[in-house]
>>> print(open('coords_15.txt').read())   # compact mmCIF, C-alpha atoms and all ligand atoms
# COMPACT_ATOMS: atom_id res chain seq x y z
CA MET H 1 193.90 329.49 160.49
CA MET H 2 194.12 326.76 163.09
CA SER H 3 191.73 323.87 162.80
CA ALA H 4 190.78 321.86 165.87
CA LYS H 5 191.46 318.16 165.55
CA PHE H 6 188.70 317.29 168.00
CA ARG H 7 185.29 318.73 168.63
CA THR H 8 182.40 317.86 170.98
CA ILE H 9 180.01 315.21 169.76
CA LYS H 10 176.70 316.37 168.35
CA GLY H 11 174.20 317.85 170.78
CA VAL H 12 176.50 318.52 173.74
CA GLN H 13 178.27 321.69 174.74
CA ASP H 14 181.12 323.07 176.79
CA ILE H 15 180.14 325.38 179.62
CA LEU H 16 182.79 328.07 179.81
CA PRO H 17 183.81 330.87 182.17
CA PRO H 18 182.53 333.44 182.96
CA ARG H 19 179.20 331.58 182.50
CA THR H 20 180.30 328.94 184.97
CA CYS H 21 180.07 331.64 187.67
CA LEU H 22 176.31 331.64 187.15
CA TRP H 23 176.21 327.85 187.42
CA GLN H 24 178.11 328.01 190.68
CA ARG H 25 175.84 330.76 191.98
CA VAL H 26 172.78 328.59 191.39
CA GLU H 27 174.38 325.46 192.83
CA ASP H 28 175.67 327.26 195.92
CA ALA H 29 172.32 328.93 196.62
CA ALA H 30 170.47 325.63 196.09
CA LYS H 31 172.75 323.73 198.46
CA ARG H 32 172.42 326.38 201.12
CA ILE H 33 168.64 326.70 200.93
CA PHE H 34 167.99 322.95 200.58
CA SER H 35 170.07 322.27 203.67
CA LEU H 36 167.87 324.72 205.64
CA TYR H 37 165.03 322.30 204.90
CA GLY H 38 167.06 319.26 205.95
CA PHE H 39 168.10 317.91 202.55
CA SER H 40 171.45 316.11 202.14
CA GLU H 41 173.23 315.49 198.89
CA ILE H 42 173.01 312.10 197.19
CA ARG H 43 175.24 311.16 194.23
CA THR H 44 174.08 308.30 192.07
CA PRO H 45 175.81 306.95 188.94
CA ILE H 46 174.84 308.50 185.60
CA ILE H 47 174.42 305.00 184.12
CA GLU H 48 171.75 302.51 185.13
CA PHE H 49 170.13 299.44 183.65
CA THR H 50 167.69 300.55 180.95
CA GLU H 51 164.84 298.68 182.64
CA LEU H 52 164.92 301.08 185.62
CA PHE H 53 163.81 304.01 183.47
CA VAL H 54 161.41 302.02 181.31
CA ARG H 55 159.60 300.82 184.43
CA SER H 56 159.51 304.18 186.23
CA ILE H 57 158.99 306.72 183.46
CA GLY H 58 156.67 304.50 181.44
CA GLU H 59 156.98 302.48 178.26
CA ASP H 60 154.76 304.63 176.08
CA THR H 61 156.28 308.01 176.98
CA ASP H 62 158.24 310.11 174.50
CA ILE H 63 161.28 309.86 176.78
CA VAL H 64 161.37 306.06 176.72
CA GLU H 65 160.13 305.60 173.16
CA LYS H 66 162.32 308.18 171.42
CA GLU H 67 164.74 310.00 173.67
CA MET H 68 166.75 307.58 175.81
CA TYR H 69 170.50 307.50 175.44
CA THR H 70 170.75 303.71 175.41
CA PHE H 71 173.56 301.40 174.37
CA HIS H 72 174.84 297.90 174.94
CA ASP H 73 177.97 297.49 177.04
CA ARG H 74 180.68 294.93 176.26
CA ALA H 75 178.76 292.22 178.09
CA GLY H 76 175.68 292.92 175.98
CA ARG H 77 173.63 294.50 178.80
CA SER H 78 171.31 297.36 177.93
CA ILE H 79 172.57 300.49 179.70
CA THR H 80 171.03 303.96 179.68
CA LEU H 81 172.50 307.34 180.57
CA ARG H 82 169.99 308.70 183.10
CA PRO H 83 167.30 310.87 181.45
CA GLU H 84 166.15 312.23 184.84
CA GLY H 85 167.02 311.91 188.51
CA THR H 86 164.10 310.42 190.42
CA ALA H 87 164.38 306.79 189.28
CA SER H 88 168.03 306.53 190.36
CA VAL H 89 167.36 308.12 193.76
CA VAL H 90 164.46 305.72 194.39
CA ARG H 91 166.64 302.79 193.35
CA ALA H 92 169.39 303.96 195.73
CA PHE H 93 166.82 304.53 198.49
CA ILE H 94 165.73 300.90 198.32
CA GLN H 95 169.10 299.28 197.53
CA ASN H 96 170.77 301.01 200.52
CA ASN H 97 167.84 300.58 202.94
CA LEU H 98 167.63 304.33 203.37
CA TYR H 99 164.03 303.87 204.56
CA ASN H 100 165.57 302.73 207.87
CA LEU H 101 166.85 306.27 208.47
CA PRO H 102 164.59 308.46 210.61
CA ALA H 103 161.73 309.85 208.52
CA PRO H 104 161.48 312.05 206.58
CA GLN H 105 164.46 311.12 204.42
CA LYS H 106 165.40 314.07 202.19
CA PHE H 107 167.94 314.14 199.38
CA TYR H 108 169.05 316.53 196.71
CA TYR H 109 171.13 315.87 193.61
CA CYS H 110 172.75 317.98 190.98
CA GLY H 111 174.29 316.87 187.72
CA PRO H 112 174.03 315.96 184.05
CA MET H 113 171.09 314.10 182.46
CA PHE H 114 170.94 312.71 178.94
CA ARG H 115 168.34 312.48 176.21
CA TYR H 116 168.99 311.46 172.67
CA GLU H 117 166.81 314.13 171.10
CA ARG H 118 167.26 315.79 167.76
CA PRO H 119 169.59 318.66 168.70
CA GLN H 120 167.90 322.06 168.42
CA LYS H 121 168.32 325.51 169.86
CA GLY H 122 168.30 325.42 173.65
CA ARG H 123 168.05 321.61 173.80
CA TYR H 124 171.06 319.46 174.43
CA ARG H 125 171.68 315.74 174.65
CA GLN H 126 173.50 316.41 177.88
CA PHE H 127 171.63 318.83 180.07
CA HIS H 128 171.63 319.49 183.80
CA GLN H 129 169.20 319.33 186.65
CA ILE H 130 169.13 320.11 190.34
CA GLY H 131 166.46 318.09 192.06
CA VAL H 132 165.20 316.93 195.43
CA GLU H 133 163.32 313.87 196.66
CA ALA H 134 161.63 313.57 200.06
CA PHE H 135 160.32 310.27 201.42
CA SER H 136 157.87 308.95 204.02
CA ILE H 137 155.53 311.95 204.39
CA ASP H 138 151.86 311.54 203.43
CA ASP H 139 150.78 315.02 204.44
CA PRO H 140 150.27 317.51 201.56
CA TYR H 141 152.25 320.06 203.56
CA LEU H 142 155.28 318.28 202.05
CA GLU H 143 154.45 319.42 198.52
CA ALA H 144 153.68 322.96 199.73
CA GLU H 145 156.99 323.00 201.59
CA LEU H 146 158.88 321.83 198.48
CA ILE H 147 157.30 324.62 196.46
CA GLU H 148 158.11 327.16 199.17
CA MET H 149 161.74 326.02 199.11
CA LEU H 150 161.88 326.33 195.31
CA TRP H 151 160.25 329.73 195.46
CA LEU H 152 162.79 330.92 198.01
CA LEU H 153 165.65 329.75 195.79
CA LEU H 154 164.28 331.36 192.63
CA GLU H 155 163.62 334.63 194.44
CA GLU H 156 167.09 334.66 195.90
CA LEU H 157 168.43 334.25 192.36
CA GLY H 158 166.46 337.35 191.37
CA MET H 159 163.90 335.57 189.19
CA GLU H 160 160.74 337.49 188.39
CA ASN H 161 157.28 336.88 186.93
CA LEU H 162 156.96 333.50 188.61
CA ASN H 163 153.81 331.47 188.95
CA THR H 164 153.02 328.04 190.36
CA GLU H 165 150.72 325.81 188.35
CA VAL H 166 149.23 322.94 190.26
CA ASN H 167 146.98 319.98 189.62
CA SER H 168 146.02 316.64 191.10
CA ILE H 169 146.09 313.54 188.93
CA GLY H 170 144.47 311.24 191.48
CA CYS H 171 145.56 307.84 192.71
CA PRO H 172 145.24 304.18 191.65
CA GLU H 173 141.76 304.25 193.19
CA CYS H 174 140.22 307.12 191.24
CA ARG H 175 142.36 307.43 188.13
CA PRO H 176 141.07 304.30 186.32
CA ASP H 177 137.51 305.69 186.30
CA TYR H 178 138.72 309.00 184.98
CA LYS H 179 140.79 307.23 182.33
CA LYS H 180 137.66 305.50 181.09
CA LYS H 181 135.82 308.81 180.81
CA LEU H 182 138.76 310.34 178.98
CA LEU H 183 139.03 307.32 176.70
CA ASN H 184 135.39 307.70 175.67
CA TYR H 185 135.93 311.36 174.97
CA LEU H 186 139.05 310.71 172.89
CA GLU H 187 137.35 307.96 170.91
CA GLY H 188 134.76 310.51 169.82
CA ASN H 189 137.55 312.76 168.49
CA LEU H 190 139.87 310.10 167.13
CA GLY H 191 140.03 311.53 163.61
CA SER H 192 141.89 314.67 164.70
CA LEU H 193 144.53 313.06 166.95
CA CYS H 194 148.14 312.81 165.74
CA ALA H 195 149.65 309.44 164.84
CA ASP H 196 151.46 309.04 168.20
CA CYS H 197 148.34 309.80 170.20
CA LYS H 198 146.20 307.49 168.05
CA ARG H 199 148.63 304.68 168.75
CA ARG H 200 149.06 305.41 172.47
CA TYR H 201 145.74 306.75 173.75
CA ARG H 202 144.29 303.29 174.45
CA HIS H 203 147.06 302.20 176.77
CA ASN H 204 147.42 305.57 178.50
CA PRO H 205 144.96 308.29 177.45
CA LEU H 206 146.55 310.80 179.88
CA ARG H 207 149.52 310.97 177.51
CA VAL H 208 147.49 313.07 175.07
CA PHE H 209 147.75 315.95 177.57
CA ASP H 210 151.49 316.14 176.96
CA CYS H 211 151.23 316.11 173.16
CA LYS H 212 152.59 319.21 171.47
CA PHE H 213 150.56 318.96 168.25
CA PRO H 214 148.04 321.84 167.98
CA ASN H 215 145.14 319.53 167.02
CA CYS H 216 145.71 317.30 170.04
CA LYS H 217 146.06 320.36 172.27
CA GLU H 218 142.75 321.70 171.06
CA ILE H 219 140.92 318.43 171.59
CA ILE H 220 142.32 318.06 175.09
CA THR H 221 141.06 321.48 176.21
CA GLY H 222 137.50 320.15 175.84
CA ALA H 223 138.27 316.89 177.70
CA PRO H 224 136.75 316.03 181.09
CA LYS H 225 138.85 317.44 183.96
CA ILE H 226 140.53 314.99 186.30
CA THR H 227 139.95 317.21 189.35
CA GLU H 228 136.22 316.55 188.96
CA PHE H 229 136.75 312.82 189.34
CA LEU H 230 139.05 312.64 192.37
CA CYS H 231 138.18 310.19 195.15
CA GLU H 232 137.43 311.59 198.57
CA ASN H 233 140.98 311.12 199.89
CA CYS H 234 142.59 312.70 196.82
CA GLY H 235 140.11 315.57 196.86
CA ASP H 236 140.86 316.23 200.52
CA HIS H 237 144.62 315.99 199.91
CA PHE H 238 144.39 318.53 197.09
CA LYS H 239 142.24 320.92 199.11
CA ARG H 240 144.65 320.85 202.03
CA PHE H 241 147.62 321.30 199.68
CA LEU H 242 146.03 324.44 198.24
CA SER H 243 145.26 325.81 201.70
CA TYR H 244 148.91 325.32 202.69
CA LEU H 245 150.06 327.21 199.60
CA LYS H 246 147.79 330.07 200.61
CA LYS H 247 149.15 330.03 204.14
CA LEU H 248 152.71 330.15 202.77
CA ASP H 249 151.74 333.10 200.55
CA ILE H 250 152.63 331.32 197.33
CA PRO H 251 150.65 332.49 194.30
CA TYR H 252 149.31 329.59 192.24
CA SER H 253 146.83 328.69 189.57
CA ILE H 254 145.16 325.34 188.98
CA ASN H 255 145.91 323.92 185.54
CA PRO H 256 143.61 320.93 185.01
CA SER H 257 145.38 319.82 181.84
CA MET H 258 148.83 319.58 183.42
CA VAL H 259 149.41 315.88 184.11
CA ARG H 260 153.24 315.68 183.73
CA GLY H 261 154.53 313.19 181.21
CA LEU H 262 155.82 310.51 183.56
CA ASP H 263 154.04 307.42 184.79
CA TYR H 264 155.04 307.53 188.43
CA TYR H 265 153.19 310.62 189.65
CA THR H 266 150.19 310.36 191.98
CA ARG H 267 148.00 313.17 193.32
CA THR H 268 149.89 316.49 193.35
CA VAL H 269 151.82 317.69 190.31
CA PHE H 270 153.23 321.19 189.92
CA GLU H 271 155.31 323.46 187.72
CA ILE H 272 156.96 326.78 188.44
CA THR H 273 156.69 328.90 185.32
CA THR H 274 157.95 332.30 184.29
CA THR H 275 157.04 334.65 181.47
CA SER H 276 160.43 336.36 181.60
CA LEU H 277 161.59 334.95 178.24
CA GLY H 278 158.45 336.04 176.44
CA ALA H 279 156.47 332.83 176.21
CA GLN H 280 155.56 330.94 179.35
CA ASN H 281 158.29 328.52 180.32
CA ALA H 282 158.62 325.94 183.07
CA VAL H 283 161.69 326.49 185.24
CA ALA H 284 161.05 323.60 187.60
CA ALA H 285 158.54 320.79 187.89
CA GLY H 286 157.67 317.99 190.22
CA GLY H 287 155.04 316.09 192.10
CA ARG H 288 154.10 313.31 194.46
CA TYR H 289 154.82 309.66 193.71
CA ASP H 290 153.35 307.48 196.42
CA THR H 291 153.56 304.10 194.68
CA LEU H 292 157.00 304.06 193.01
CA VAL H 293 159.09 302.86 195.98
CA GLU H 294 156.77 299.91 196.47
CA GLU H 295 156.70 299.14 192.73
CA PHE H 296 160.49 298.96 192.83
CA GLY H 297 160.40 296.41 195.65
CA GLY H 298 160.71 298.70 198.68
CA PRO H 299 158.27 299.20 201.55
CA ARG H 300 155.17 301.34 200.97
CA THR H 301 156.66 304.84 201.09
CA PRO H 302 154.96 308.06 200.03
CA ALA H 303 157.31 310.53 198.34
CA ALA H 304 157.52 313.79 196.44
CA GLY H 305 160.17 315.77 194.62
CA PHE H 306 160.99 318.25 191.91
CA ALA H 307 163.73 319.06 189.41
CA ILE H 308 165.02 322.37 188.10
CA GLY H 309 166.22 322.63 184.50
CA MET H 310 169.60 324.33 184.78
CA GLU H 311 170.05 325.44 181.17
CA ARG H 312 166.80 327.40 181.09
CA LEU H 313 167.46 328.91 184.51
CA ILE H 314 170.92 330.05 183.41
CA THR H 315 169.47 331.61 180.24
CA LEU H 316 167.05 333.56 182.43
CA LEU H 317 169.82 334.69 184.76
CA GLU H 318 171.91 335.84 181.81
CA GLU H 319 169.20 338.36 180.95
CA LYS H 320 170.58 340.48 183.78
CA PRO H 321 174.12 341.82 183.81
CA PHE H 322 176.42 339.92 186.11
CA GLU H 323 179.98 340.52 187.15
CA PRO H 324 182.38 337.59 187.10
CA PRO H 325 185.00 337.63 189.88
CA LYS H 326 188.05 339.73 189.05
CA PRO H 327 191.54 339.94 190.53
CA ASP H 328 192.04 342.37 193.41
CA VAL H 329 195.61 342.83 192.35
CA TYR H 330 197.58 342.39 189.13
CA ILE H 331 201.32 342.31 189.79
CA ILE H 332 203.55 343.82 187.17
CA SER H 333 207.29 343.18 187.37
CA LEU H 334 210.19 344.43 185.26
CA GLY H 335 213.33 342.30 185.28
CA GLU H 336 214.23 338.94 186.77
CA ASP H 337 214.89 340.13 190.34
CA ALA H 338 211.64 342.08 190.46
CA THR H 339 209.74 339.06 189.13
CA ASP H 340 211.14 336.88 191.92
CA VAL H 341 209.83 339.41 194.44
CA ALA H 342 206.50 339.48 192.59
CA TYR H 343 206.12 335.73 193.13
CA THR H 344 206.66 336.14 196.88
CA ILE H 345 204.21 339.02 197.07
CA ALA H 346 201.52 337.12 195.12
CA SER H 347 201.92 334.19 197.47
CA SER H 348 201.54 336.32 200.61
CA LEU H 349 198.54 338.23 199.22
CA ARG H 350 196.71 335.00 198.36
CA ARG H 351 197.34 333.69 201.86
CA GLU H 352 195.63 336.86 203.11
CA GLY H 353 192.57 336.08 200.99
CA LEU H 354 193.23 338.52 198.16
CA GLN H 355 192.90 337.39 194.55
CA ALA H 356 196.25 338.08 192.90
CA GLU H 357 197.21 337.63 189.24
CA LEU H 358 200.76 337.84 187.87
CA SER H 359 202.33 338.98 184.63
CA TYR H 360 205.22 336.51 185.20
CA GLY H 361 207.45 339.39 184.16
CA THR H 362 206.66 339.10 180.47
CA GLY H 363 206.38 342.18 178.26
CA SER H 364 206.96 345.91 178.65
CA LEU H 365 205.38 348.04 181.38
CA LYS H 366 202.84 349.29 178.87
CA SER H 367 201.78 345.83 177.72
CA GLN H 368 201.61 344.55 181.30
CA LEU H 369 199.38 347.46 182.29
CA ARG H 370 197.15 346.67 179.32
CA ARG H 371 196.84 343.09 180.55
CA ALA H 372 195.94 344.32 184.05
CA ASP H 373 193.09 346.21 182.38
CA ARG H 374 191.97 343.20 180.39
CA PHE H 375 191.84 341.12 183.57
CA ASN H 376 189.70 343.90 185.00
CA ALA H 377 191.92 344.00 188.09
CA SER H 378 191.18 346.53 190.82
CA LEU H 379 194.80 347.43 191.47
CA ALA H 380 198.07 347.16 189.55
CA LEU H 381 201.18 346.65 191.69
CA ILE H 382 204.31 347.66 189.86
CA ILE H 383 207.78 346.44 190.83
CA GLY H 384 210.68 347.86 188.82
CA GLU H 385 214.38 348.38 189.57
CA ASP H 386 213.80 351.66 191.44
CA GLU H 387 211.13 350.14 193.62
CA LEU H 388 213.36 347.17 194.39
CA LYS H 389 216.13 349.48 195.57
CA ARG H 390 213.79 351.45 197.82
CA GLY H 391 211.92 348.40 199.11
CA THR H 392 208.63 349.81 197.85
CA LEU H 393 205.93 349.15 195.26
CA THR H 394 203.94 351.45 193.03
CA CYS H 395 200.25 350.84 193.59
CA LYS H 396 197.80 352.05 190.96
CA ARG H 397 194.04 351.88 191.32
CA LEU H 398 192.78 351.18 187.82
CA SER H 399 189.25 352.53 188.25
CA ASP H 400 190.37 356.15 188.88
CA GLY H 401 194.11 356.11 188.20
CA PHE H 402 194.92 357.03 191.83
CA GLN H 403 198.52 356.04 192.42
CA GLY H 404 201.11 356.04 195.18
CA GLU H 405 204.09 354.28 196.63
CA ILE H 406 203.70 351.70 199.39
CA LYS H 407 206.28 349.87 201.51
CA MET H 408 206.89 346.18 200.99
CA THR H 409 206.61 345.68 204.75
CA GLY H 410 203.01 345.96 205.86
CA LEU H 411 201.93 345.61 202.26
CA VAL H 412 198.60 343.91 202.85
CA SER H 413 197.00 346.62 204.97
CA ASP H 414 198.06 349.29 202.47
CA ILE H 415 196.59 347.31 199.60
CA LYS H 416 193.33 346.89 201.48
CA ARG H 417 193.20 350.68 201.98
CA TYR H 418 193.58 351.19 198.23
CA LEU H 419 190.88 348.61 197.52
CA ASN H 420 188.56 350.36 199.99
CA HIS H 421 189.16 353.75 198.35
CA ASP H 422 190.66 355.27 201.52
CA GLN H 423 192.56 358.23 200.07
CA ASP H 424 194.70 358.87 203.15
CA THR H 425 197.26 356.20 202.19
ZN ZN H 501 142.24 309.00 194.51
ZN ZN H 502 149.10 314.00 169.70
>>> encode(input="coords_15.txt", output="structure tokens")
Amino acid sequence: MMSAKFRTIKGVQDILPPRTCLWQRVEDAAKRIFSLYGFSEIRTPIIEFTELFVRSIGEDTDIVEKEMYTFHDRAGRSITLRPEGTASVVRAFIQNNLYNLPAPQKFYYCGPMFRYERPQKGRYRQFHQIGVEAFSIDDPYLEAELIEMLWLLLEELGMENLNTEVNSIGCPECRPDYKKKLLNYLEGNLGSLCADCKRRYRHNPLRVFDCKFPNCKEIITGAPKITEFLCENCGDHFKRFLSYLKKLDIPYSINPSMVRGLDYYTRTVFEITTTSLGAQNAVAAGGRYDTLVEEFGGPRTPAAGFAIGMERLITLLEEKPFEPPKPDVYIISLGEDATDVAYTIASSLRREGLQAELSYGTGSLKSQLRRADRFNASLALIIGEDELKRGTLTCKRLSDGFQGEIKMTGLVSDIKRYLNHDQDT
């Protein structure tokens, strides 16, 4: 038995082929669809000063309190591996004066995020998100448009049983009043709250909505609903948002206890969920954040965005059979001279856009044919001494065993006929 000298550190994983095909499929589709809506890619560093995330996500959140991947660098500065994408994009937006670009400014990103959670099934310390952020639009059509774009992507990927859950969590004008109401309610039920909620509810009572403990969940279902306390502007914004969703034919349900566990959201929050893995799971989530740019020192800039959790999406896609790309041609050669010719043929086929794999002349005809099968190649091209003499190749279609001899000159068109199942070769 061989024993590996090195292994991944706890809580992270390798992503291997053929699974990586699925990752590429998602990334390619996302890039294509996002660009239809005018989004350009932004790439920010995966490390930032810790303070950036503490200030944006919120001090008393689970992410900041328990889950950040934080360390001190050699100069003693507190550095954090990004736990999400929005804070970095907003920082870059301000630092690079991107608000001077014509509005709206739209960006998408795609890459690894980090949270120092206790590793468990389906949860990794390095995970991946594709997300978008759009700036400078007040109109609630922006959120509806973001959801439409997400919907289009998920449908293109063949996702089923989707729903959109939406809510409004108000603005700095109406939320404080609601918080007071909620605080009163929670104080009356203090005995049943979990230790975290007991400690945190005073500073931010909304946090109790995100608690996973059954007791807290039960208490929160009886809590006053934020949508009943929205100010006129927020109420109007929410109403118009819902009417846009209807117009765009996007099914949704209002979930008054969804507040999203981050500090920076204002007004609209949403989640796309699916029941495809049994229980209801969020595939993507996002919302509006109209005050964050200003809080970070930029000009007053309304904004909204969302992020897709890649790992969960890939798990959902794996439910359906998928075919990884396979070689069009596997070239089998017997003897040194034949192998030299095989190299030339492989090169010319690849230049013609055909995927060609080689045996490099190793092994018997039988073992090379077996390898062609294992690669799941469409055709095997066989070059032996006889073929060399005649200036031909034996071409065998592996799906049905159909076989014939083709000339080395004009090879490519013959091969394409075999691949297309034209029997008149
Ligand atoms: Zn409001
Ligand atoms: Zn709790």
>>> atom_distance(input="coords_15.txt", atom1="CA of Asp263 (chain H)", atom2="CA of Phe34 (chain H)")
26.2 Å
>>> residues_around(input="coords_15.txt", residues="Tyr264 (chain H)", least_positions_apart="3", cutoff="7 Å", atoms="all atoms listed in the file", output="ChimeraX atom specification")
/H:56-57,289,292
>>> residues_around(input="coords_15.txt", residues="region 121-125 of chain H", least_positions_apart="4", cutoff="6 Å", atoms="only C-alpha atoms", output="VMD selection string")
chain H and resid 11 to 12 114 to 116
>>> closest_residue(input="coords_15.txt", among="H:Leu262, H:Ala284, H:Ala92, H:Ala75", to="Glu165 (chain H)", atoms="all atoms listed in the file")
H:Ala284
>>> atom_distance(input="coords_15.txt", atom1="CA of Val341 (chain H)", atom2="CA of Ile383 (chain H)")
8.2 Å
>>> axis_aligned_box(input="coords_15.txt", around="region 300-312 of chain H", padding_each_side="6 Å", output="lines of an AutoDock Vina configuration file")
center_x = 162.5
center_y = 314.4
center_z = 191.1
size_x = 27.1
size_y = 38.1
size_z = 32.0
>>> closest_residue(input="coords_15.txt", among="H:Glu295, H:Asp62, H:Glu156, H:Asp414", to="ligand ZN 502 (chain H)", atoms="only C-alpha atoms and all ligand atoms")
H:Asp62
>>> residues_near_ligand(input="coords_15.txt", ligand="ligand ZN 501 (chain H)", cutoff="10 Å", atoms="only C-alpha atoms and all ligand atoms", output="list in words")
Ser168, Ile169, Gly170, Cys171, Pro172, Glu173, Cys174, Arg175, Pro176, Thr227, Phe229, Leu230, Cys231, Glu232, Asn233, Cys234, Gly235, Asp236, His237, Thr266 and Arg267 of chain H
>>> atom_distance(input="coords_15.txt", atom1="CA of Ser347 (chain H)", atom2="CA of Lys407 (chain H)")
16.8 Å
>>> closest_atom_pairs(input="coords_15.txt", of="chain H", to="ligand ZN 502 (chain H)", cutoff="12 Å", atoms="only C-alpha atoms and all ligand atoms", output="tab-separated table")
residue	atom	partner	partner_atom	distance
H:Thr61	CA	H:ZN502	ZN	11.9
H:Asp62	CA	H:ZN502	ZN	11.0
H:Leu186	CA	H:ZN502	ZN	11.0
H:Asn189	CA	H:ZN502	ZN	11.7
H:Leu190	CA	H:ZN502	ZN	10.3
H:Gly191	CA	H:ZN502	ZN	11.2
H:Ser192	CA	H:ZN502	ZN	8.8
H:Leu193	CA	H:ZN502	ZN	5.4
H:Cys194	CA	H:ZN502	ZN	4.2
H:Ala195	CA	H:ZN502	ZN	6.7
H:Asp196	CA	H:ZN502	ZN	5.7
H:Cys197	CA	H:ZN502	ZN	4.3
H:Lys198	CA	H:ZN502	ZN	7.3
H:Arg199	CA	H:ZN502	ZN	9.4
H:Arg200	CA	H:ZN502	ZN	9.0
H:Tyr201	CA	H:ZN502	ZN	9.0
H:Pro205	CA	H:ZN502	ZN	10.5
H:Leu206	CA	H:ZN502	ZN	11.0
H:Arg207	CA	H:ZN502	ZN	8.4
H:Val208	CA	H:ZN502	ZN	5.7
H:Phe209	CA	H:ZN502	ZN	8.2
H:Asp210	CA	H:ZN502	ZN	7.9
H:Cys211	CA	H:ZN502	ZN	4.6
H:Lys212	CA	H:ZN502	ZN	6.5
H:Phe213	CA	H:ZN502	ZN	5.4
H:Pro214	CA	H:ZN502	ZN	8.1
H:Asn215	CA	H:ZN502	ZN	7.3
H:Cys216	CA	H:ZN502	ZN	4.7
H:Lys217	CA	H:ZN502	ZN	7.5
H:Glu218	CA	H:ZN502	ZN	10.1
H:Ile219	CA	H:ZN502	ZN	9.5
H:Ile220	CA	H:ZN502	ZN	9.6
>>> residues_near_point(input="coords_15.txt", point="(187.8, 349.3, 191.7)", cutoff="7 Å", atoms="all atoms listed in the file", output="list in words")
Ser378, Arg397, Leu398, Ser399 and Leu419 of chain H
>>> residues_around(input="coords_15.txt", residues="Asn100 (chain H)", least_positions_apart="4", cutoff="12 Å", atoms="all atoms listed in the file", output="PyMOL selection string")
chain H and resi 93-96+104-105+135-136+298-299+301
>>> residues_around(input="coords_15.txt", residues="Ile382 (chain H)", least_positions_apart="4", cutoff="7 Å", atoms="only C-alpha atoms", output="compact mmCIF listing (two decimals) with C-alpha atoms, in the coordinates of the input")
# COMPACT_ATOMS: atom_id res chain seq x y z
CA ILE H 331 201.32 342.31 189.79
CA ILE H 332 203.55 343.82 187.17
CA SER H 333 207.29 343.18 187.37
CA LEU H 393 205.93 349.15 195.26
CA THR H 394 203.94 351.45 193.03
CA CYS H 395 200.25 350.84 193.59
>>> closest_residue(input="coords_15.txt", among="H:Lys320, H:Lys239, H:His128, H:Lys180", to="Ala223 (chain H)", atoms="all atoms listed in the file")
H:Lys180
>>> closest_residue(input="coords_15.txt", among="H:Ile130, H:Arg417, H:Lys247, H:Gly353", to="Gln24 (chain H)", atoms="only C-alpha atoms")
H:Ile130
>>> residues_around(input="coords_15.txt", residues="Ile42 (chain H)", least_positions_apart="3", cutoff="8 Å", atoms="all atoms listed in the file", output="list of chain:residue names")
H:Val89, H:Phe107, H:Tyr108, H:Tyr109
>>> write_last_selection(input="coords_15.txt", atoms="C-alpha atoms", output="mmCIF file, in the frame of the given file")
data_model
loop_
_atom_site.group_PDB
_atom_site.id
_atom_site.type_symbol
_atom_site.label_atom_id
_atom_site.label_comp_id
_atom_site.auth_asym_id
_atom_site.auth_seq_id
_atom_site.Cartn_x
_atom_site.Cartn_y
_atom_site.Cartn_z
ATOM 1 C CA VAL H 89 167.360 308.120 193.760
ATOM 2 C CA PHE H 107 167.940 314.140 199.380
ATOM 3 C CA TYR H 108 169.050 316.530 196.710
ATOM 4 C CA TYR H 109 171.130 315.870 193.610
#
>>> decode(input="coords_15.txt", residues="region 17-33 of chain H", atoms="C-alpha atoms", output="CSV table (one decimal), in the first residue's frame")
chain,number,residue,atom,x,y,z
H,17,PRO,CA,-12.6,15.7,-13.0
H,18,PRO,CA,-15.1,14.7,-14.3
H,19,ARG,CA,-16.9,16.8,-11.6
H,20,THR,CA,-15.0,19.9,-12.8
H,21,CYS,CA,-17.0,19.7,-16.0
H,22,LEU,CA,-20.1,20.6,-14.0
H,23,TRP,CA,-18.3,23.5,-12.4
H,24,GLN,CA,-17.3,24.8,-15.8
H,25,ARG,CA,-20.8,24.4,-17.1
H,26,VAL,CA,-22.2,26.5,-14.3
H,27,GLU,CA,-19.4,29.2,-14.6
H,28,ASP,CA,-19.7,29.4,-18.4
H,29,ALA,CA,-23.5,29.7,-18.3
H,30,ALA,CA,-23.3,32.3,-15.6
H,31,LYS,CA,-20.8,34.4,-17.5
H,32,ARG,CA,-22.9,34.3,-20.6
H,33,ILE,CA,-26.2,35.1,-19.0
